[in-house]
$ cat run_13.txt   # compact mmCIF, C-alpha atoms
# COMPACT_ATOMS: atom_id res chain seq x y z
CA MET A 1 -29.81 8.85 -20.78
CA ASN A 2 -26.03 8.38 -20.49
CA TYR A 3 -24.15 9.72 -17.49
CA ILE A 4 -20.51 10.77 -17.85
CA LEU A 5 -18.15 10.96 -14.89
CA SER A 6 -16.37 14.22 -14.20
CA PHE A 7 -12.98 12.82 -15.08
CA GLY A 8 -9.62 13.90 -16.43
CA ILE A 9 -6.03 12.79 -16.70
CA ILE A 10 -3.23 15.06 -15.59
CA ILE A 11 0.21 14.27 -17.00
CA ILE A 12 3.18 15.59 -15.08
CA LEU A 13 6.86 15.72 -15.96
CA PHE A 14 8.04 14.17 -12.76
CA SER A 15 11.18 13.77 -10.68
CA CYS A 16 11.26 12.32 -7.19
CA LYS A 17 13.55 15.19 -6.18
CA ALA A 18 11.46 18.04 -7.59
CA VAL A 19 7.94 19.35 -7.97
CA PRO A 20 6.29 18.98 -11.40
CA VAL A 21 7.42 21.46 -14.04
CA GLN A 22 4.75 20.77 -16.62
CA THR A 23 1.12 19.69 -16.62
CA GLN A 24 -1.09 18.80 -19.52
CA LYS A 25 -4.72 17.79 -19.71
CA TYR A 26 -5.96 15.30 -22.32
CA ASP A 27 -9.53 14.98 -23.50
CA ALA A 28 -9.12 12.67 -26.53
CA PHE A 29 -10.15 9.08 -25.79
CA GLU A 30 -11.36 5.97 -27.54
CA LYS A 31 -13.85 3.49 -26.11
CA ILE A 32 -12.93 -0.07 -25.23
CA ILE A 33 -16.01 -2.24 -24.77
CA VAL A 34 -15.88 -4.34 -21.61
CA ALA A 35 -18.29 -5.38 -18.84
CA ASP A 36 -20.11 -3.06 -16.43
CA GLY A 37 -18.17 -0.98 -13.94
CA ALA A 38 -14.65 -0.83 -15.43
CA GLU A 39 -12.41 0.33 -12.56
CA ASP A 40 -8.67 -0.30 -12.96
CA VAL A 41 -6.28 -1.19 -15.78
CA GLN A 42 -2.92 -2.96 -15.78
CA LEU A 43 -0.46 -3.43 -18.64
CA ASP A 44 0.51 -7.10 -18.98
CA SER A 45 3.60 -7.99 -21.01
CA SER A 46 4.12 -11.48 -19.55
CA CYS A 47 2.56 -13.26 -22.53
CA THR A 48 3.35 -13.22 -26.25
CA SER A 49 1.45 -10.05 -27.10
CA PRO A 50 1.19 -7.01 -24.76
CA ARG A 51 -2.33 -6.48 -23.50
CA LEU A 52 -4.34 -4.42 -21.08
CA LEU A 53 -6.04 -6.13 -18.14
CA ILE A 54 -9.22 -4.41 -16.91
CA SER A 55 -11.10 -5.07 -13.66
CA CYS A 56 -14.88 -4.83 -14.04
CA ASP A 57 -17.68 -4.99 -11.50
CA GLU A 58 -21.10 -3.40 -11.06
CA ARG A 59 -20.20 -2.79 -7.42
CA ARG A 60 -23.15 -0.68 -6.30
CA GLU A 61 -25.47 -3.62 -5.75
CA LEU A 62 -22.97 -6.54 -5.71
CA LYS A 63 -25.63 -8.80 -7.22
CA THR A 64 -23.51 -10.20 -10.06
CA GLN A 65 -19.95 -11.51 -10.12
CA GLY A 66 -17.19 -9.24 -11.42
CA SER A 67 -14.65 -10.12 -14.10
CA ILE A 68 -11.19 -9.36 -15.49
CA TRP A 69 -11.05 -8.47 -19.18
CA SER A 70 -8.15 -8.50 -21.62
CA TYR A 71 -7.70 -5.94 -24.39
CA ASP A 72 -5.27 -6.89 -27.17
CA PHE A 73 -3.43 -3.88 -28.60
CA LYS A 74 -2.89 -5.54 -31.99
CA SER A 75 -6.36 -6.93 -32.67
CA LYS A 76 -8.17 -4.12 -30.78
CA LYS A 77 -10.42 -6.79 -29.28
CA SER A 78 -11.45 -7.23 -25.65
CA VAL A 79 -12.53 -10.52 -24.06
CA PRO A 80 -13.22 -11.72 -20.50
CA LEU A 81 -10.38 -13.78 -19.06
CA ASN A 82 -10.94 -17.32 -17.85
CA ILE A 83 -10.33 -17.36 -14.07
CA ASP A 84 -9.54 -20.55 -12.16
CA PHE A 85 -10.51 -19.86 -8.55
CA ARG A 86 -9.63 -23.40 -7.43
CA TYR A 87 -10.77 -23.78 -3.79
CA TYR A 88 -12.04 -20.20 -3.48
CA LYS A 89 -15.81 -19.93 -2.98
CA SER A 90 -16.40 -16.28 -2.00
CA ALA A 91 -17.97 -13.63 -4.24
CA PHE A 92 -15.67 -11.87 -6.72
CA HIS A 93 -15.88 -8.08 -6.98
CA PRO A 94 -12.51 -6.83 -8.30
CA HIS A 95 -11.24 -3.29 -7.78
CA GLY A 96 -7.60 -2.09 -7.93
CA MET A 97 -4.94 -4.32 -9.51
CA SER A 98 -1.16 -4.53 -9.80
CA SER A 99 1.06 -7.07 -11.57
CA TYR A 100 4.64 -8.18 -11.09
CA GLY A 101 6.08 -10.55 -13.68
CA THR A 102 3.62 -13.40 -14.05
CA VAL A 103 1.47 -12.66 -10.98
CA LEU A 104 -1.49 -10.29 -10.63
CA PHE A 105 -2.70 -8.89 -7.31
CA VAL A 106 -6.41 -7.98 -7.30
CA ILE A 107 -8.40 -6.23 -4.58
CA ASN A 108 -11.65 -8.09 -4.00
CA HIS A 109 -14.66 -6.70 -2.12
CA VAL A 110 -16.41 -9.86 -0.94
CA THR A 111 -19.22 -7.77 0.55
CA LYS A 112 -19.63 -4.06 1.24
CA LYS A 113 -18.00 -4.65 4.64
CA GLU A 114 -15.48 -7.37 3.84
CA SER A 115 -12.45 -7.08 1.55
CA GLU A 116 -9.29 -8.99 0.74
CA ILE A 117 -6.50 -9.19 -1.82
CA LEU A 118 -6.17 -12.13 -4.22
CA ARG A 119 -3.01 -13.15 -6.08
CA PHE A 120 -3.29 -14.90 -9.44
CA SER A 121 -0.71 -16.49 -11.71
CA ILE A 122 -0.99 -15.10 -15.25
CA SER A 123 -0.92 -17.16 -18.45
CA ALA A 124 -2.17 -16.78 -22.01
CA GLU A 125 -5.12 -19.00 -21.04
CA GLY A 126 -6.21 -16.80 -18.14
CA LEU A 127 -5.69 -16.38 -14.39
CA LYS A 128 -5.24 -18.96 -11.62
CA LEU A 129 -5.70 -18.08 -7.95
CA ASP A 130 -2.85 -19.09 -5.64
CA THR A 131 -2.99 -16.82 -2.54
CA VAL A 132 -5.60 -14.95 -0.48
CA TYR A 133 -4.49 -12.04 1.76
CA LYS A 134 -6.94 -11.12 4.51
CA ASN A 135 -6.21 -8.85 7.47
CA LYS A 136 -7.74 -5.93 9.40
CA ALA A 137 -4.94 -3.74 8.01
CA ILE A 138 -6.55 -4.05 4.55
CA ASP A 139 -10.15 -3.50 5.63
CA LEU A 140 -11.22 -1.29 2.70
CA PRO A 141 -8.47 -1.46 0.04
CA ASN A 142 -8.86 0.72 -3.04
CA ASP A 143 -5.59 0.37 -4.94
CA LEU A 144 -2.28 -1.41 -4.52
CA ILE A 145 1.20 -1.65 -6.00
CA ALA A 146 3.19 -4.88 -6.17
CA VAL A 147 6.84 -4.56 -5.11
CA ASN A 148 7.61 -8.17 -6.00
CA GLU A 149 5.75 -11.49 -6.08
CA ASN A 150 5.39 -11.51 -2.28
CA GLU A 151 5.21 -7.86 -1.26
CA PHE A 152 2.81 -4.96 -1.84
CA TYR A 153 1.52 -1.60 -0.58
CA ALA A 154 -2.22 -0.84 -0.47
CA THR A 155 -4.43 2.18 0.27
CA ASN A 156 -7.54 1.89 2.45
CA TYR A 157 -10.29 4.20 1.20
CA HIS A 158 -11.85 5.64 4.36
CA THR A 159 -13.19 9.20 4.35
CA LEU A 160 -11.34 10.59 7.38
CA ASN A 161 -9.28 7.66 8.65
CA GLY A 162 -7.86 6.15 5.49
CA SER A 163 -4.50 4.44 5.63
CA LEU A 164 -1.48 3.14 3.75
CA THR A 165 -0.54 -0.50 4.46
CA HIS A 166 2.59 -2.50 3.65
CA TYR A 167 2.66 -6.32 3.38
CA LYS A 168 5.85 -8.42 3.49
CA ASN A 169 6.74 -11.83 4.95
CA ASN A 170 3.27 -12.37 6.40
CA VAL A 171 3.42 -9.05 8.27
CA TYR A 172 0.91 -6.24 7.66
CA THR A 173 2.12 -2.78 8.72
CA LYS A 174 0.15 0.47 8.63
CA ILE A 175 2.59 3.08 7.35
CA ASP A 176 0.22 6.02 7.77
CA LYS A 177 -3.36 6.65 8.85
CA GLY A 178 -5.78 9.54 9.24
CA LEU A 179 -5.74 10.07 5.47
CA LYS A 180 -8.75 11.47 3.59
CA LEU A 181 -9.82 8.95 0.93
CA PRO A 182 -6.35 7.64 -0.05
CA ASN A 183 -6.73 6.25 -3.55
CA GLY A 184 -4.14 5.65 -6.27
CA ILE A 185 -0.68 4.36 -5.44
CA ILE A 186 2.64 3.78 -7.18
CA LYS A 187 6.24 3.05 -6.17
CA ILE A 188 9.12 4.95 -7.80
CA ASP A 189 12.62 3.98 -6.65
CA ASN A 190 12.55 4.35 -2.85
CA LYS A 191 9.33 6.34 -2.68
CA VAL A 192 5.73 5.24 -2.39
CA ILE A 193 3.39 7.87 -3.86
CA ILE A 194 -0.34 8.06 -3.24
CA SER A 195 -3.25 10.33 -4.14
CA THR A 196 -5.81 11.46 -1.56
CA THR A 197 -9.10 12.16 -3.29
CA LEU A 198 -10.72 14.25 -0.57
CA SER A 199 -7.69 16.34 0.49
CA ASN A 200 -6.51 16.81 -3.13
CA LYS A 201 -2.91 15.90 -2.29
CA ILE A 202 -0.24 13.77 -3.91
CA ILE A 203 1.91 12.44 -1.07
CA ALA A 204 5.28 10.66 -1.13
CA TYR A 205 6.73 8.37 1.54
CA ASP A 206 10.49 7.84 1.61
CA ILE A 207 11.08 4.14 2.29
CA ALA A 208 14.80 4.68 3.00
CA ASP A 209 14.02 7.39 5.59
CA ASP A 210 11.52 5.51 7.76
CA TYR A 211 8.67 6.52 5.45
CA LYS A 212 9.20 10.24 5.90
CA LYS A 213 6.10 11.96 4.53
CA GLU A 214 6.16 14.77 1.95
CA LYS A 215 3.36 16.56 0.09
CA LEU A 216 4.49 16.79 -3.53
CA PHE A 217 1.68 18.86 -5.07
CA LYS A 218 -2.09 19.25 -5.22
CA ILE A 219 -4.49 17.71 -7.75
CA LYS A 220 -8.21 18.02 -7.22
CA GLY A 221 -9.92 14.68 -6.69
CA GLY A 222 -6.84 12.56 -7.46
CA ASP A 223 -7.49 8.92 -8.32
CA ASN A 224 -5.38 6.22 -10.01
CA ILE A 225 -1.67 6.82 -10.70
CA SER A 226 0.79 5.37 -13.21
CA ILE A 227 4.19 6.32 -14.63
CA GLU A 228 5.78 5.92 -18.05
CA ASN A 229 8.98 7.43 -19.47
CA GLY A 230 9.36 9.95 -16.65
CA LEU A 231 5.74 11.09 -16.87
CA LEU A 232 3.40 10.66 -13.92
CA TYR A 233 -0.22 10.05 -15.00
CA VAL A 234 -2.84 10.98 -12.40
CA SER A 235 -6.54 10.59 -13.12
CA SER A 236 -8.68 13.15 -11.32
CA HIS A 237 -12.25 14.22 -10.57
CA PRO A 238 -12.06 18.04 -10.86
CA LYS A 239 -15.73 18.41 -9.91
CA PHE A 240 -15.70 16.15 -6.90
CA TYR A 241 -19.24 16.72 -5.65
CA LYS A 242 -20.61 15.99 -9.10
CA PHE A 243 -18.55 12.79 -9.05
CA ILE A 244 -20.03 11.79 -5.67
CA ASN A 245 -23.56 12.37 -6.93
CA ILE A 246 -22.92 10.25 -10.00
CA LEU A 247 -21.67 7.41 -7.81
CA LYS A 248 -25.17 7.22 -6.36
CA ILE A 249 -26.72 6.58 -9.77
CA LYS A 250 -27.43 2.91 -10.36
CA LYS A 251 -27.04 3.12 -14.13
CA THR A 252 -23.98 1.16 -15.29
CA TYR A 253 -21.51 1.49 -18.12
CA ARG A 254 -20.01 -0.77 -20.76
CA GLN A 255 -16.89 1.16 -21.54
CA VAL A 256 -13.49 2.09 -20.16
CA LEU A 257 -11.68 5.26 -21.22
CA PHE A 258 -8.33 4.69 -22.89
CA MET A 259 -6.12 7.58 -24.00
CA ASN A 260 -5.14 7.82 -27.68

$ encode --input "run_13.txt" --output "structure tokens"
Amino acid sequence: MNYILSFGIIIILFSCKAVPVQTQKYDAFEKIIVADGAEDVQLDSSCTSPRLLISCDERRELKTQGSIWSYDFKSKKSVPLNIDFRYYKSAFHPHGMSSYGTVLFVINHVTKKESEILRFSISAEGLKLDTVYKNKAIDLPNDLIAVNENEFYATNYHTLNGSLTHYKNNVYTKIDKGLKLPNGIIKIDNKVIISTTLSNKIIAYDIADDYKKEKLFKIKGGDNISIENGLLYVSSHPKFYKFINILKIKKTYRQVLFMN
């Protein structure tokens, strides 16, 4: 029996200075075959042909190593990327990702209680690890956004005491805490925008105004966020309790949803 997540994508005509003026829900998708537990996607244009990078991990049991897959838009083929971990010996269970130029930041859950962020250099041949970020301020990271090759923001996915963390120049700073399952994150101009899955809010932080906090709008069960051509894409779980129940099911998947 196949189980399907309660999942949707809300597309919003977005301006940092205004609330959304249009929403649209899409339900047409095609399947991209990858490994179990596809979680996050990242567009990579650093090589010859644009491709989609996909983090995969059957994270419920953490018995097998995760992987990063590449989907070529021209050939319509997906393959696992070769990863050079060099000196790194810990388990690899990738979650959220974000790229900047030729580097890729990947959240890694070493165990169910231990997490870190890995930075890889990107090439046509695969990925090569160069930096490991580990700190109590990123104790349960879910998603992150790279600001440049040496700076990022990350959400920590705690139920009632989630947080938003900023990293720069070897300093980890908690921008906000007490959040309810902070999830997706993106940076637009001088604002960092996050989704909070449990409180159904999309929240913006104004970097230029000491991270002044503003609730932009509500989306039920908000998850990952991306932006393209002035449109803000927010994945959501409109039936949140059904989503939670499905998370308990040990059956895995071999597909990631990709919008036509």

$ axis_aligned_box --input "run_13.txt" --around "region 149-159 of chain A" --padding-each-side "6 Å" --output "lines of an AutoDock Vina configuration file"
center_x = -3.7
center_y = -1.2
center_z = -0.9
size_x = 30.9
size_y = 32.7
size_z = 22.4

$ closest_residue --input "run_13.txt" --among "A:Thr197, A:Leu160, A:Lys215, A:Thr155" --to "Leu179 (chain A)" --atoms "only C-alpha atoms"
A:Leu160

$ residues_around --input "run_13.txt" --residues "Thr196 (chain A)" --least-positions-apart "4" --cutoff "7 Å" --atoms "all atoms listed in the file" --output "ChimeraX atom specification"
/A:180-183,200-202,222

$ atom_distance --input "run_13.txt" --atom1 "CA of Lys168 (chain A)" --atom2 "CA of Glu151 (chain A)"
4.8 Å

$ closest_residue --input "run_13.txt" --among "A:Asn190, A:Ser98, A:Asn169, A:Ser67" --to "Ser226 (chain A)" --atoms "only C-alpha atoms"
A:Ser98

$ closest_residue --input "run_13.txt" --among "A:Asn156, A:Thr102, A:Ser70, A:Thr131" --to "Tyr87 (chain A)" --atoms "all atoms listed in the file"
A:Thr131

$ residues_around --input "run_13.txt" --residues "Lys213 (chain A)" --least-positions-apart "2" --cutoff "9 Å" --atoms "all atoms listed in the file" --output "list in words"
Asp176, Ile203, Ala204, Tyr205, Asp206, Tyr211 and Lys215 of chain A

$ residues_around --input "run_13.txt" --residues "Val132 (chain A)" --least-positions-apart "5" --cutoff "9 Å" --atoms "only C-alpha atoms" --output "tab-separated table (two decimals) with C-alpha atoms, keeping the file's coordinate frame"
chain	number	residue	atom	x	y	z
A	88	TYR	CA	-12.04	-20.20	-3.48
A	116	GLU	CA	-9.29	-8.99	0.74
A	117	ILE	CA	-6.50	-9.19	-1.82
A	118	LEU	CA	-6.17	-12.13	-4.22
A	119	ARG	CA	-3.01	-13.15	-6.08

$ atom_distance --input "run_13.txt" --atom1 "CA of Ala146 (chain A)" --atom2 "CA of Val192 (chain A)"
11.1 Å

$ residues_near_point --input "run_13.txt" --point "(-11.8, -2.8, -25.3)" --cutoff "6 Å" --atoms "only C-alpha atoms" --output "JSON list (two decimals) with C-alpha atoms, in the frame of the given file"
[["chain", "number", "residue", "atom", "x", "y", "z"],
["A", 32, "ILE", "CA", -12.93, -0.07, -25.23],
["A", 33, "ILE", "CA", -16.01, -2.24, -24.77],
["A", 34, "VAL", "CA", -15.88, -4.34, -21.61],
["A", 71, "TYR", "CA", -7.70, -5.94, -24.39],
["A", 77, "LYS", "CA", -10.42, -6.79, -29.28],
["A", 78, "SER", "CA", -11.45, -7.23, -25.65]]

$ residues_around --input "run_13.txt" --residues "Ile122 (chain A)" --least-positions-apart "2" --cutoff "7 Å" --atoms "only C-alpha atoms" --output "PDB file with C-alpha atoms, in the frame of the given file"
ATOM      1  CA  THR A 102       3.620 -13.400 -14.050  1.00  0.00           C
ATOM      2  CA  VAL A 103       1.470 -12.660 -10.980  1.00  0.00           C
ATOM      3  CA  LEU A 104      -1.490 -10.290 -10.630  1.00  0.00           C
ATOM      4  CA  PHE A 120      -3.290 -14.900  -9.440  1.00  0.00           C
ATOM      5  CA  GLY A 126      -6.210 -16.800 -18.140  1.00  0.00           C
ATOM      6  CA  LEU A 127      -5.690 -16.380 -14.390  1.00  0.00           C
ATOM      7  CA  LYS A 128      -5.240 -18.960 -11.620  1.00  0.00           C
TER       8      LYS A 128
END

$ atom_distance --input "run_13.txt" --atom1 "CA of Val41 (chain A)" --atom2 "CA of Leu53 (chain A)"
5.5 Å
